[in-house]
>>> print(open('upload-v7.cif').read())   # mmCIF, C-alpha atoms
data_work
#
loop_
_atom_site.label_atom_id
_atom_site.label_comp_id
_atom_site.auth_asym_id
_atom_site.auth_seq_id
_atom_site.Cartn_x
_atom_site.Cartn_y
_atom_site.Cartn_z
CA MET A 17 0.00 0.00 0.00
CA SER A 18 1.10 3.54 -0.58
CA SER A 19 1.74 5.92 2.28
CA VAL A 20 -0.96 7.72 4.22
CA TYR A 21 -0.51 11.46 3.86
CA GLU A 22 -1.45 14.24 6.19
CA PRO A 23 -4.04 16.72 4.92
CA TRP A 24 -2.74 20.05 3.58
CA ASN A 25 -2.19 22.56 6.32
CA ALA A 26 -0.58 25.92 5.53
CA ASP A 27 1.16 26.08 8.91
CA ARG A 28 2.69 22.63 8.44
CA GLY A 29 3.64 23.56 4.87
CA ALA A 30 5.33 26.75 6.12
CA GLU A 31 7.22 24.70 8.71
CA ILE A 32 8.53 22.30 6.04
CA ILE A 33 9.49 25.18 3.74
CA ALA A 34 11.24 27.13 6.51
CA GLY A 35 13.22 24.08 7.56
CA LEU A 36 14.57 23.64 4.04
CA SER A 37 14.72 27.20 2.71
CA ASP A 38 18.51 27.49 3.08
CA VAL A 39 19.36 24.03 1.67
CA GLU A 40 21.34 24.07 -1.57
CA GLY A 41 18.99 23.07 -4.39
CA GLY A 42 16.24 23.87 -1.92
CA THR A 43 13.39 24.40 -4.36
CA ILE A 44 13.31 20.81 -5.53
CA VAL A 45 14.09 19.55 -2.04
CA ILE A 46 11.14 21.55 -0.67
CA LEU A 47 8.82 20.28 -3.42
CA HIS A 48 9.78 16.68 -2.63
CA ALA A 49 9.30 17.24 1.11
CA LEU A 50 5.84 18.76 0.59
CA GLN A 51 4.80 15.92 -1.67
CA GLU A 52 6.14 13.38 0.82
CA ALA A 53 4.12 14.98 3.61
CA PHE A 54 0.87 15.72 1.74
CA GLY A 55 0.97 13.36 -1.25
CA TYR A 56 1.01 16.33 -3.64
CA VAL A 57 2.21 19.91 -3.85
CA PRO A 58 -0.71 22.21 -3.10
CA GLU A 59 -1.03 25.26 -5.35
CA ALA A 60 -0.98 27.43 -2.22
CA ALA A 61 2.57 26.24 -1.48
CA ILE A 62 4.04 27.73 -4.69
CA PRO A 63 4.01 31.38 -3.51
CA MET A 64 5.18 30.27 -0.07
CA ILE A 65 8.22 28.56 -1.60
CA ALA A 66 8.88 31.55 -3.87
CA GLU A 67 8.93 33.92 -0.92
CA ALA A 68 11.16 31.67 1.19
CA ARG A 69 13.66 31.14 -1.64
CA ASN A 70 13.50 34.73 -2.94
CA LEU A 71 12.29 33.50 -6.32
CA SER A 72 9.37 34.43 -8.53
CA ARG A 73 6.28 32.25 -8.53
CA ALA A 74 7.06 31.53 -12.19
CA GLU A 75 10.49 30.13 -11.29
CA VAL A 76 9.03 27.81 -8.66
CA HIS A 77 6.20 26.81 -11.00
CA GLY A 78 8.80 26.08 -13.69
CA VAL A 79 10.62 23.63 -11.41
CA PHE A 80 7.33 22.09 -10.32
CA THR A 81 6.07 21.52 -13.86
CA PHE A 82 9.42 20.37 -15.27
CA TYR A 83 9.48 17.20 -13.15
CA HIS A 84 6.75 14.66 -13.90
CA ASP A 85 6.70 13.17 -10.39
CA PHE A 86 5.19 16.22 -8.74
CA ARG A 87 1.42 16.04 -8.40
CA HIS A 88 -1.12 18.88 -8.51
CA GLU A 89 -3.63 16.95 -6.43
CA PRO A 90 -3.58 14.03 -3.98
CA ALA A 91 -2.90 10.60 -5.45
CA GLY A 92 -5.07 7.59 -4.86
CA ARG A 93 -4.31 4.97 -2.25
CA HIS A 94 -2.28 3.07 -4.87
CA VAL A 95 -0.19 4.57 -7.66
CA LEU A 96 0.28 2.58 -10.85
CA LYS A 97 2.94 4.07 -13.10
CA LEU A 98 3.24 2.77 -16.65
CA CYS A 99 6.42 3.36 -18.59
CA ARG A 100 5.76 5.47 -21.66
CA ALA A 101 9.35 5.58 -22.97
CA GLU A 102 10.24 4.39 -26.44
CA ALA A 103 11.42 0.87 -25.53
CA CYS A 104 8.19 0.15 -23.69
CA GLN A 105 6.10 1.65 -26.47
CA ALA A 106 7.91 -0.50 -29.03
CA ALA A 107 7.21 -3.60 -26.92
CA GLY A 108 3.44 -3.01 -26.81
CA GLY A 109 3.18 -0.48 -23.98
CA ASP A 110 0.62 1.69 -25.76
CA ALA A 111 -1.92 -1.13 -25.93
CA LEU A 112 -1.28 -2.06 -22.29
CA ALA A 113 -1.70 1.57 -21.20
CA ALA A 114 -5.00 1.73 -23.08
CA ARG A 115 -6.06 -1.53 -21.42
CA ALA A 116 -5.25 -0.18 -17.95
CA GLU A 117 -7.15 3.04 -18.69
CA SER A 118 -10.15 1.02 -19.86
CA LYS A 119 -10.15 -1.33 -16.86
CA LEU A 120 -9.81 1.56 -14.40
CA GLY A 121 -12.22 3.82 -16.28
CA ILE A 122 -9.81 6.75 -16.15
CA ALA A 123 -7.29 8.45 -18.40
CA MET A 124 -3.57 8.50 -17.77
CA GLY A 125 -2.75 11.05 -15.07
CA LYS A 126 -6.09 10.67 -13.30
CA THR A 127 -7.38 9.03 -10.11
CA THR A 128 -10.37 6.73 -9.87
CA PRO A 129 -13.48 8.33 -8.33
CA ASP A 130 -13.15 6.08 -5.25
CA GLN A 131 -9.58 7.41 -4.72
CA ARG A 132 -8.14 3.89 -4.85
CA VAL A 133 -5.88 4.14 -7.90
CA THR A 134 -3.91 6.87 -9.62
CA LEU A 135 -2.64 5.96 -13.08
CA GLU A 136 0.47 7.88 -14.08
CA PRO A 137 2.90 7.88 -16.97
CA ILE A 138 6.58 7.57 -16.19
CA TYR A 139 9.27 8.14 -18.76
CA CYS A 140 11.72 5.33 -18.08
CA LEU A 141 12.04 2.89 -15.25
CA GLY A 142 15.37 1.58 -16.52
CA LEU A 143 13.84 -1.79 -17.38
CA CYS A 144 14.22 -1.51 -21.14
CA ALA A 145 15.46 -5.09 -21.42
CA THR A 146 12.22 -6.30 -19.81
CA ALA A 147 9.84 -3.87 -21.54
CA PRO A 148 7.06 -3.02 -21.21
CA SER A 149 7.30 -2.19 -17.53
CA ALA A 150 5.40 -0.58 -14.68
CA MET A 151 5.67 0.36 -11.03
CA LEU A 152 2.94 -0.25 -8.48
CA ASP A 153 3.46 1.59 -5.19
CA GLY A 154 7.22 1.62 -5.75
CA ARG A 155 7.49 -2.06 -6.80
CA LEU A 156 8.95 -2.56 -10.28
CA VAL A 157 7.30 -5.00 -12.66
CA GLY A 158 8.72 -5.94 -16.06
CA ARG A 159 7.70 -8.13 -18.97
CA LEU A 160 4.13 -6.87 -18.91
CA ASP A 161 1.50 -8.52 -21.03
CA GLU A 162 -2.30 -8.43 -20.88
CA LYS A 163 -2.45 -10.96 -18.04
CA ARG A 164 0.14 -9.12 -15.92
CA ILE A 165 -1.38 -5.66 -16.47
CA ASP A 166 -4.80 -7.06 -15.53
CA ALA A 167 -3.28 -8.52 -12.33
CA LEU A 168 -1.61 -5.21 -11.45
CA VAL A 169 -4.85 -3.29 -11.99
CA ALA A 170 -6.77 -5.81 -9.86
CA GLU A 171 -4.15 -5.60 -7.11
CA ALA A 172 -4.32 -1.80 -7.13
CA GLN A 173 -8.12 -1.86 -6.92
CA ARG A 174 -8.13 -4.00 -3.77
#
>>> encode(input="upload-v7.cif", output="structure tokens")
Amino acid sequence: MSSVYEPWNADRGAEIIAGLSDVEGGTIVILHALQEAFGYVPEAAIPMIAEARNLSRAEVHGVFTFYHDFRHEPAGRHVLKLCRAEACQAAGGDALAARAESKLGIAMGKTTPDQRVTLEPIYCLGLCATAPSAMLDGRLVGRLDEKRIDALVAEAQR
């Protein structure tokens, strides 16, 4: 199971930001810490980070949007990431992604209405030799086929 996150709280967010505001490379470190605490980076945190780091909101937003792992909203209880890189696509990843979307009833990047599963693209898991591949709650899975993607989706839905 994925982690249980605390609900967004501006005071707690400010505490995290203040504790990391002087760290070298602090913007990305702060974004990771906020996501680790809350499961996503709340929009309200962007100006708070900008002020603490003496940056513009645009600069912080640029870092936030550059990295695919940062979320705009809370993830589901389970996160299923499907590799969308070229090796996985060439090995049938597109069809498996479409199958997962169909079984979950959501598009890539979305969370099921019951908040159980978030389906996310990831752009290389380093498993090219065992493509197509996925990650469910941090566990890597290679050599995907229809049977294995169905099993991963079912596991995530439990």
>>> resolve_selection(input="upload-v7.cif", expression="the PyMOL selection byres ((chain A and resi 138) around 12)", output="ChimeraX atom specification")
/A:83-86,95-102,104-105,109,113,124-125,135-137,139-143,148-152,156
>>> write_last_selection(input="upload-v7.cif", atoms="C-alpha atoms", output="PDB file, in the coordinates of the input")
ATOM      1  CA  TYR A  83       9.480  17.200 -13.150  1.00  0.00           C
ATOM      2  CA  HIS A  84       6.750  14.660 -13.900  1.00  0.00           C
ATOM      3  CA  ASP A  85       6.700  13.170 -10.390  1.00  0.00           C
ATOM      4  CA  PHE A  86       5.190  16.220  -8.740  1.00  0.00           C
ATOM      5  CA  VAL A  95      -0.190   4.570  -7.660  1.00  0.00           C
ATOM      6  CA  LEU A  96       0.280   2.580 -10.850  1.00  0.00           C
ATOM      7  CA  LYS A  97       2.940   4.070 -13.100  1.00  0.00           C
ATOM      8  CA  LEU A  98       3.240   2.770 -16.650  1.00  0.00           C
ATOM      9  CA  CYS A  99       6.420   3.360 -18.590  1.00  0.00           C
ATOM     10  CA  ARG A 100       5.760   5.470 -21.660  1.00  0.00           C
ATOM     11  CA  ALA A 101       9.350   5.580 -22.970  1.00  0.00           C
ATOM     12  CA  GLU A 102      10.240   4.390 -26.440  1.00  0.00           C
ATOM     13  CA  CYS A 104       8.190   0.150 -23.690  1.00  0.00           C
ATOM     14  CA  GLN A 105       6.100   1.650 -26.470  1.00  0.00           C
ATOM     15  CA  GLY A 109       3.180  -0.480 -23.980  1.00  0.00           C
ATOM     16  CA  ALA A 113      -1.700   1.570 -21.200  1.00  0.00           C
ATOM     17  CA  MET A 124      -3.570   8.500 -17.770  1.00  0.00           C
ATOM     18  CA  GLY A 125      -2.750  11.050 -15.070  1.00  0.00           C
ATOM     19  CA  LEU A 135      -2.640   5.960 -13.080  1.00  0.00           C
ATOM     20  CA  GLU A 136       0.470   7.880 -14.080  1.00  0.00           C
ATOM     21  CA  PRO A 137       2.900   7.880 -16.970  1.00  0.00           C
ATOM     22  CA  TYR A 139       9.270   8.140 -18.760  1.00  0.00           C
ATOM     23  CA  CYS A 140      11.720   5.330 -18.080  1.00  0.00           C
ATOM     24  CA  LEU A 141      12.040   2.890 -15.250  1.00  0.00           C
ATOM     25  CA  GLY A 142      15.370   1.580 -16.520  1.00  0.00           C
ATOM     26  CA  LEU A 143      13.840  -1.790 -17.380  1.00  0.00           C
ATOM     27  CA  PRO A 148       7.060  -3.020 -21.210  1.00  0.00           C
ATOM     28  CA  SER A 149       7.300  -2.190 -17.530  1.00  0.00           C
ATOM     29  CA  ALA A 150       5.400  -0.580 -14.680  1.00  0.00           C
ATOM     30  CA  MET A 151       5.670   0.360 -11.030  1.00  0.00           C
ATOM     31  CA  LEU A 152       2.940  -0.250  -8.480  1.00  0.00           C
ATOM     32  CA  LEU A 156       8.950  -2.560 -10.280  1.00  0.00           C
TER      33      LEU A 156
END
>>> resolve_selection(input="upload-v7.cif", expression="the PyMOL selection byres ((chain A and resi 127) around 10)", output="list of chain:residue names")
A:Glu89, A:Pro90, A:Ala91, A:Gly92, A:Arg93, A:His94, A:Val95, A:Leu120, A:Gly121, A:Ile122, A:Ala123, A:Met124, A:Gly125, A:Lys126, A:Thr128, A:Pro129, A:Asp130, A:Gln131, A:Arg132, A:Val133, A:Thr134, A:Leu135, A:Glu136
>>> write_last_selection(input="upload-v7.cif", atoms="C-alpha atoms", output="PDB file, in the frame of the given file")
ATOM      1  CA  GLU A  89      -3.630  16.950  -6.430  1.00  0.00           C
ATOM      2  CA  PRO A  90      -3.580  14.030  -3.980  1.00  0.00           C
ATOM      3  CA  ALA A  91      -2.900  10.600  -5.450  1.00  0.00           C
ATOM      4  CA  GLY A  92      -5.070   7.590  -4.860  1.00  0.00           C
ATOM      5  CA  ARG A  93      -4.310   4.970  -2.250  1.00  0.00           C
ATOM      6  CA  HIS A  94      -2.280   3.070  -4.870  1.00  0.00           C
ATOM      7  CA  VAL A  95      -0.190   4.570  -7.660  1.00  0.00           C
ATOM      8  CA  LEU A 120      -9.810   1.560 -14.400  1.00  0.00           C
ATOM      9  CA  GLY A 121     -12.220   3.820 -16.280  1.00  0.00           C
ATOM     10  CA  ILE A 122      -9.810   6.750 -16.150  1.00  0.00           C
ATOM     11  CA  ALA A 123      -7.290   8.450 -18.400  1.00  0.00           C
ATOM     12  CA  MET A 124      -3.570   8.500 -17.770  1.00  0.00           C
ATOM     13  CA  GLY A 125      -2.750  11.050 -15.070  1.00  0.00           C
ATOM     14  CA  LYS A 126      -6.090  10.670 -13.300  1.00  0.00           C
ATOM     15  CA  THR A 128     -10.370   6.730  -9.870  1.00  0.00           C
ATOM     16  CA  PRO A 129     -13.480   8.330  -8.330  1.00  0.00           C
ATOM     17  CA  ASP A 130     -13.150   6.080  -5.250  1.00  0.00           C
ATOM     18  CA  GLN A 131      -9.580   7.410  -4.720  1.00  0.00           C
ATOM     19  CA  ARG A 132      -8.140   3.890  -4.850  1.00  0.00           C
ATOM     20  CA  VAL A 133      -5.880   4.140  -7.900  1.00  0.00           C
ATOM     21  CA  THR A 134      -3.910   6.870  -9.620  1.00  0.00           C
ATOM     22  CA  LEU A 135      -2.640   5.960 -13.080  1.00  0.00           C
ATOM     23  CA  GLU A 136       0.470   7.880 -14.080  1.00  0.00           C
TER      24      GLU A 136
END
>>> closest_residue(input="upload-v7.cif", among="A:Asn70, A:Gly42, A:Phe54, A:Cys144", to="A:Val157", atoms="all atoms listed in the file")
A:Cys144
>>> residues_around(input="upload-v7.cif", residues="A:Leu50", least_positions_apart="2", cutoff="12 Å", atoms="all atoms listed in the file", output="count of residues only")
41
>>> atom_distance(input="upload-v7.cif", atom1="atom CA of A:Gly154", atom2="atom CA of A:Ala49")
17.2 Å
>>> atom_distance(input="upload-v7.cif", atom1="atom CA of A:Val169", atom2="atom CA of A:Thr81")
27.2 Å
>>> atom_distance(input="upload-v7.cif", atom1="atom CA of A:Asp27", atom2="atom CA of A:Phe82")
26.2 Å
>>> resolve_selection(input="upload-v7.cif", expression="the PyMOL selection byres ((chain A and resi 112) around 9)", output="count of residues only")
15
>>> closest_residue(input="upload-v7.cif", among="A:Glu75, A:Ala68, A:Lys119, A:Gly158", to="A:Ala103", atoms="all atoms listed in the file")
A:Gly158
>>> decode(input="upload-v7.cif", residues="stretch 55-101 of chain A", atoms="N, CA and C atoms", output="PDB file, in the first residue's frame")
ATOM      1  N   GLY A  55       1.334  14.199  -0.106  1.00  0.00           N
ATOM      2  CA  GLY A  55       0.967  13.362  -1.248  1.00  0.00           C
ATOM      3  C   GLY A  55       0.878  14.131  -2.552  1.00  0.00           C
ATOM      4  N   TYR A  56       1.033  15.447  -2.482  1.00  0.00           N
ATOM      5  CA  TYR A  56       1.010  16.326  -3.640  1.00  0.00           C
ATOM      6  C   TYR A  56       1.571  17.669  -3.208  1.00  0.00           C
ATOM      7  N   VAL A  57       1.762  18.563  -4.165  1.00  0.00           N
ATOM      8  CA  VAL A  57       2.215  19.914  -3.852  1.00  0.00           C
ATOM      9  C   VAL A  57       1.037  20.850  -4.065  1.00  0.00           C
ATOM     10  N   PRO A  58       0.441  21.309  -2.975  1.00  0.00           N
ATOM     11  CA  PRO A  58      -0.710  22.210  -3.102  1.00  0.00           C
ATOM     12  C   PRO A  58      -0.333  23.504  -3.821  1.00  0.00           C
ATOM     13  N   GLU A  59      -1.254  24.011  -4.614  1.00  0.00           N
ATOM     14  CA  GLU A  59      -1.034  25.262  -5.348  1.00  0.00           C
ATOM     15  C   GLU A  59      -0.668  26.396  -4.385  1.00  0.00           C
ATOM     16  N   ALA A  60      -1.248  26.385  -3.203  1.00  0.00           N
ATOM     17  CA  ALA A  60      -0.979  27.432  -2.217  1.00  0.00           C
ATOM     18  C   ALA A  60       0.471  27.434  -1.746  1.00  0.00           C
ATOM     19  N   ALA A  61       1.168  26.327  -1.923  1.00  0.00           N
ATOM     20  CA  ALA A  61       2.566  26.244  -1.482  1.00  0.00           C
ATOM     21  C   ALA A  61       3.524  26.960  -2.436  1.00  0.00           C
ATOM     22  N   ILE A  62       3.141  27.129  -3.691  1.00  0.00           N
ATOM     23  CA  ILE A  62       4.039  27.727  -4.687  1.00  0.00           C
ATOM     24  C   ILE A  62       4.471  29.140  -4.272  1.00  0.00           C
ATOM     25  N   PRO A  63       3.551  30.047  -3.943  1.00  0.00           N
ATOM     26  CA  PRO A  63       4.007  31.379  -3.513  1.00  0.00           C
ATOM     27  C   PRO A  63       4.773  31.345  -2.195  1.00  0.00           C
ATOM     28  N   MET A  64       4.460  30.389  -1.338  1.00  0.00           N
ATOM     29  CA  MET A  64       5.184  30.272  -0.068  1.00  0.00           C
ATOM     30  C   MET A  64       6.637  29.895  -0.321  1.00  0.00           C
ATOM     31  N   ILE A  65       6.856  28.972  -1.243  1.00  0.00           N
ATOM     32  CA  ILE A  65       8.223  28.564  -1.604  1.00  0.00           C
ATOM     33  C   ILE A  65       8.947  29.729  -2.254  1.00  0.00           C
ATOM     34  N   ALA A  66       8.265  30.417  -3.165  1.00  0.00           N
ATOM     35  CA  ALA A  66       8.880  31.554  -3.869  1.00  0.00           C
ATOM     36  C   ALA A  66       9.377  32.596  -2.875  1.00  0.00           C
ATOM     37  N   GLU A  67       8.544  32.912  -1.911  1.00  0.00           N
ATOM     38  CA  GLU A  67       8.934  33.924  -0.923  1.00  0.00           C
ATOM     39  C   GLU A  67      10.125  33.452  -0.086  1.00  0.00           C
ATOM     40  N   ALA A  68      10.085  32.201   0.351  1.00  0.00           N
ATOM     41  CA  ALA A  68      11.161  31.669   1.195  1.00  0.00           C
ATOM     42  C   ALA A  68      12.485  31.584   0.454  1.00  0.00           C
ATOM     43  N   ARG A  69      12.428  31.320  -0.844  1.00  0.00           N
ATOM     44  CA  ARG A  69      13.657  31.137  -1.640  1.00  0.00           C
ATOM     45  C   ARG A  69      14.041  32.412  -2.398  1.00  0.00           C
ATOM     46  N   ASN A  70      13.259  33.471  -2.227  1.00  0.00           N
ATOM     47  CA  ASN A  70      13.498  34.732  -2.939  1.00  0.00           C
ATOM     48  C   ASN A  70      13.496  34.510  -4.456  1.00  0.00           C
ATOM     49  N   LEU A  71      12.468  33.808  -4.902  1.00  0.00           N
ATOM     50  CA  LEU A  71      12.286  33.502  -6.318  1.00  0.00           C
ATOM     51  C   LEU A  71      10.914  34.024  -6.745  1.00  0.00           C
ATOM     52  N   SER A  72      10.709  34.093  -8.043  1.00  0.00           N
ATOM     53  CA  SER A  72       9.374  34.427  -8.528  1.00  0.00           C
ATOM     54  C   SER A  72       8.504  33.172  -8.485  1.00  0.00           C
ATOM     55  N   ARG A  73       7.211  33.382  -8.466  1.00  0.00           N
ATOM     56  CA  ARG A  73       6.284  32.247  -8.534  1.00  0.00           C
ATOM     57  C   ARG A  73       6.517  31.457  -9.822  1.00  0.00           C
ATOM     58  N   ALA A  74       6.822  32.179 -10.892  1.00  0.00           N
ATOM     59  CA  ALA A  74       7.063  31.526 -12.186  1.00  0.00           C
ATOM     60  C   ALA A  74       8.268  30.590 -12.116  1.00  0.00           C
ATOM     61  N   GLU A  75       9.317  30.999 -11.408  1.00  0.00           N
ATOM     62  CA  GLU A  75      10.494  30.135 -11.292  1.00  0.00           C
ATOM     63  C   GLU A  75      10.161  28.854 -10.529  1.00  0.00           C
ATOM     64  N   VAL A  76       9.419  28.987  -9.437  1.00  0.00           N
ATOM     65  CA  VAL A  76       9.031  27.808  -8.662  1.00  0.00           C
ATOM     66  C   VAL A  76       8.089  26.930  -9.485  1.00  0.00           C
ATOM     67  N   HIS A  77       7.133  27.558 -10.147  1.00  0.00           N
ATOM     68  CA  HIS A  77       6.200  26.814 -10.999  1.00  0.00           C
ATOM     69  C   HIS A  77       6.957  26.078 -12.106  1.00  0.00           C
ATOM     70  N   GLY A  78       7.988  26.714 -12.650  1.00  0.00           N
ATOM     71  CA  GLY A  78       8.801  26.081 -13.685  1.00  0.00           C
ATOM     72  C   GLY A  78       9.473  24.808 -13.196  1.00  0.00           C
ATOM     73  N   VAL A  79      10.009  24.837 -11.991  1.00  0.00           N
ATOM     74  CA  VAL A  79      10.620  23.634 -11.412  1.00  0.00           C
ATOM     75  C   VAL A  79       9.545  22.583 -11.178  1.00  0.00           C
ATOM     76  N   PHE A  80       8.426  23.001 -10.613  1.00  0.00           N
ATOM     77  CA  PHE A  80       7.330  22.087 -10.319  1.00  0.00           C
ATOM     78  C   PHE A  80       6.834  21.372 -11.577  1.00  0.00           C
ATOM     79  N   THR A  81       6.633  22.117 -12.642  1.00  0.00           N
ATOM     80  CA  THR A  81       6.071  21.520 -13.857  1.00  0.00           C
ATOM     81  C   THR A  81       7.102  20.772 -14.695  1.00  0.00           C
ATOM     82  N   PHE A  82       8.389  21.051 -14.497  1.00  0.00           N
ATOM     83  CA  PHE A  82       9.421  20.369 -15.267  1.00  0.00           C
ATOM     84  C   PHE A  82       9.510  18.890 -14.896  1.00  0.00           C
ATOM     85  N   TYR A  83       9.339  18.574 -13.629  1.00  0.00           N
ATOM     86  CA  TYR A  83       9.479  17.204 -13.151  1.00  0.00           C
ATOM     87  C   TYR A  83       8.124  16.510 -13.105  1.00  0.00           C
ATOM     88  N   HIS A  84       8.014  15.378 -13.768  1.00  0.00           N
ATOM     89  CA  HIS A  84       6.747  14.658 -13.895  1.00  0.00           C
ATOM     90  C   HIS A  84       6.253  14.031 -12.597  1.00  0.00           C
ATOM     91  N   ASP A  85       7.120  13.840 -11.623  1.00  0.00           N
ATOM     92  CA  ASP A  85       6.703  13.171 -10.392  1.00  0.00           C
ATOM     93  C   ASP A  85       5.904  14.056  -9.446  1.00  0.00           C
ATOM     94  N   PHE A  86       5.943  15.349  -9.633  1.00  0.00           N
ATOM     95  CA  PHE A  86       5.185  16.220  -8.738  1.00  0.00           C
ATOM     96  C   PHE A  86       3.722  16.248  -9.149  1.00  0.00           C
ATOM     97  N   ARG A  87       2.854  16.088  -8.160  1.00  0.00           N
ATOM     98  CA  ARG A  87       1.416  16.042  -8.404  1.00  0.00           C
ATOM     99  C   ARG A  87       0.749  17.357  -8.035  1.00  0.00           C
ATOM    100  N   HIS A  88      -0.311  17.688  -8.768  1.00  0.00           N
ATOM    101  CA  HIS A  88      -1.124  18.878  -8.514  1.00  0.00           C
ATOM    102  C   HIS A  88      -2.239  18.598  -7.521  1.00  0.00           C
ATOM    103  N   GLU A  89      -2.549  17.332  -7.323  1.00  0.00           N
ATOM    104  CA  GLU A  89      -3.632  16.953  -6.427  1.00  0.00           C
ATOM    105  C   GLU A  89      -3.267  15.629  -5.770  1.00  0.00           C
ATOM    106  N   PRO A  90      -3.930  15.269  -4.685  1.00  0.00           N
ATOM    107  CA  PRO A  90      -3.579  14.030  -3.980  1.00  0.00           C
ATOM    108  C   PRO A  90      -3.731  12.800  -4.882  1.00  0.00           C
ATOM    109  N   ALA A  91      -2.833  11.864  -4.699  1.00  0.00           N
ATOM    110  CA  ALA A  91      -2.901  10.598  -5.446  1.00  0.00           C
ATOM    111  C   ALA A  91      -3.859   9.654  -4.739  1.00  0.00           C
ATOM    112  N   GLY A  92      -4.236   8.626  -5.449  1.00  0.00           N
ATOM    113  CA  GLY A  92      -5.070   7.587  -4.863  1.00  0.00           C
ATOM    114  C   GLY A  92      -4.272   6.760  -3.869  1.00  0.00           C
ATOM    115  N   ARG A  93      -4.948   5.839  -3.241  1.00  0.00           N
ATOM    116  CA  ARG A  93      -4.306   4.969  -2.249  1.00  0.00           C
ATOM    117  C   ARG A  93      -3.162   4.179  -2.878  1.00  0.00           C
ATOM    118  N   HIS A  94      -3.323   3.790  -4.136  1.00  0.00           N
ATOM    119  CA  HIS A  94      -2.278   3.075  -4.868  1.00  0.00           C
ATOM    120  C   HIS A  94      -1.931   3.877  -6.112  1.00  0.00           C
ATOM    121  N   VAL A  95      -0.648   3.870  -6.469  1.00  0.00           N
ATOM    122  CA  VAL A  95      -0.190   4.575  -7.662  1.00  0.00           C
ATOM    123  C   VAL A  95       0.420   3.554  -8.618  1.00  0.00           C
ATOM    124  N   LEU A  96      -0.198   3.458  -9.790  1.00  0.00           N
ATOM    125  CA  LEU A  96       0.283   2.576 -10.847  1.00  0.00           C
ATOM    126  C   LEU A  96       0.906   3.448 -11.917  1.00  0.00           C
ATOM    127  N   LYS A  97       2.218   3.296 -12.098  1.00  0.00           N
ATOM    128  CA  LYS A  97       2.941   4.070 -13.104  1.00  0.00           C
ATOM    129  C   LYS A  97       3.301   3.144 -14.253  1.00  0.00           C
ATOM    130  N   LEU A  98       2.938   3.560 -15.457  1.00  0.00           N
ATOM    131  CA  LEU A  98       3.245   2.773 -16.648  1.00  0.00           C
ATOM    132  C   LEU A  98       4.315   3.494 -17.442  1.00  0.00           C
ATOM    133  N   CYS A  99       5.346   2.761 -17.816  1.00  0.00           N
ATOM    134  CA  CYS A  99       6.423   3.361 -18.585  1.00  0.00           C
ATOM    135  C   CYS A  99       5.921   3.724 -19.977  1.00  0.00           C
ATOM    136  N   ARG A 100       6.191   4.960 -20.364  1.00  0.00           N
ATOM    137  CA  ARG A 100       5.761   5.466 -21.661  1.00  0.00           C
ATOM    138  C   ARG A 100       6.947   5.768 -22.565  1.00  0.00           C
ATOM    139  N   ALA A 101       8.150   5.338 -22.171  1.00  0.00           N
ATOM    140  CA  ALA A 101       9.346   5.584 -22.973  1.00  0.00           C
ATOM    141  C   ALA A 101       9.335   4.700 -24.226  1.00  0.00           C
TER     142      ALA A 101
END
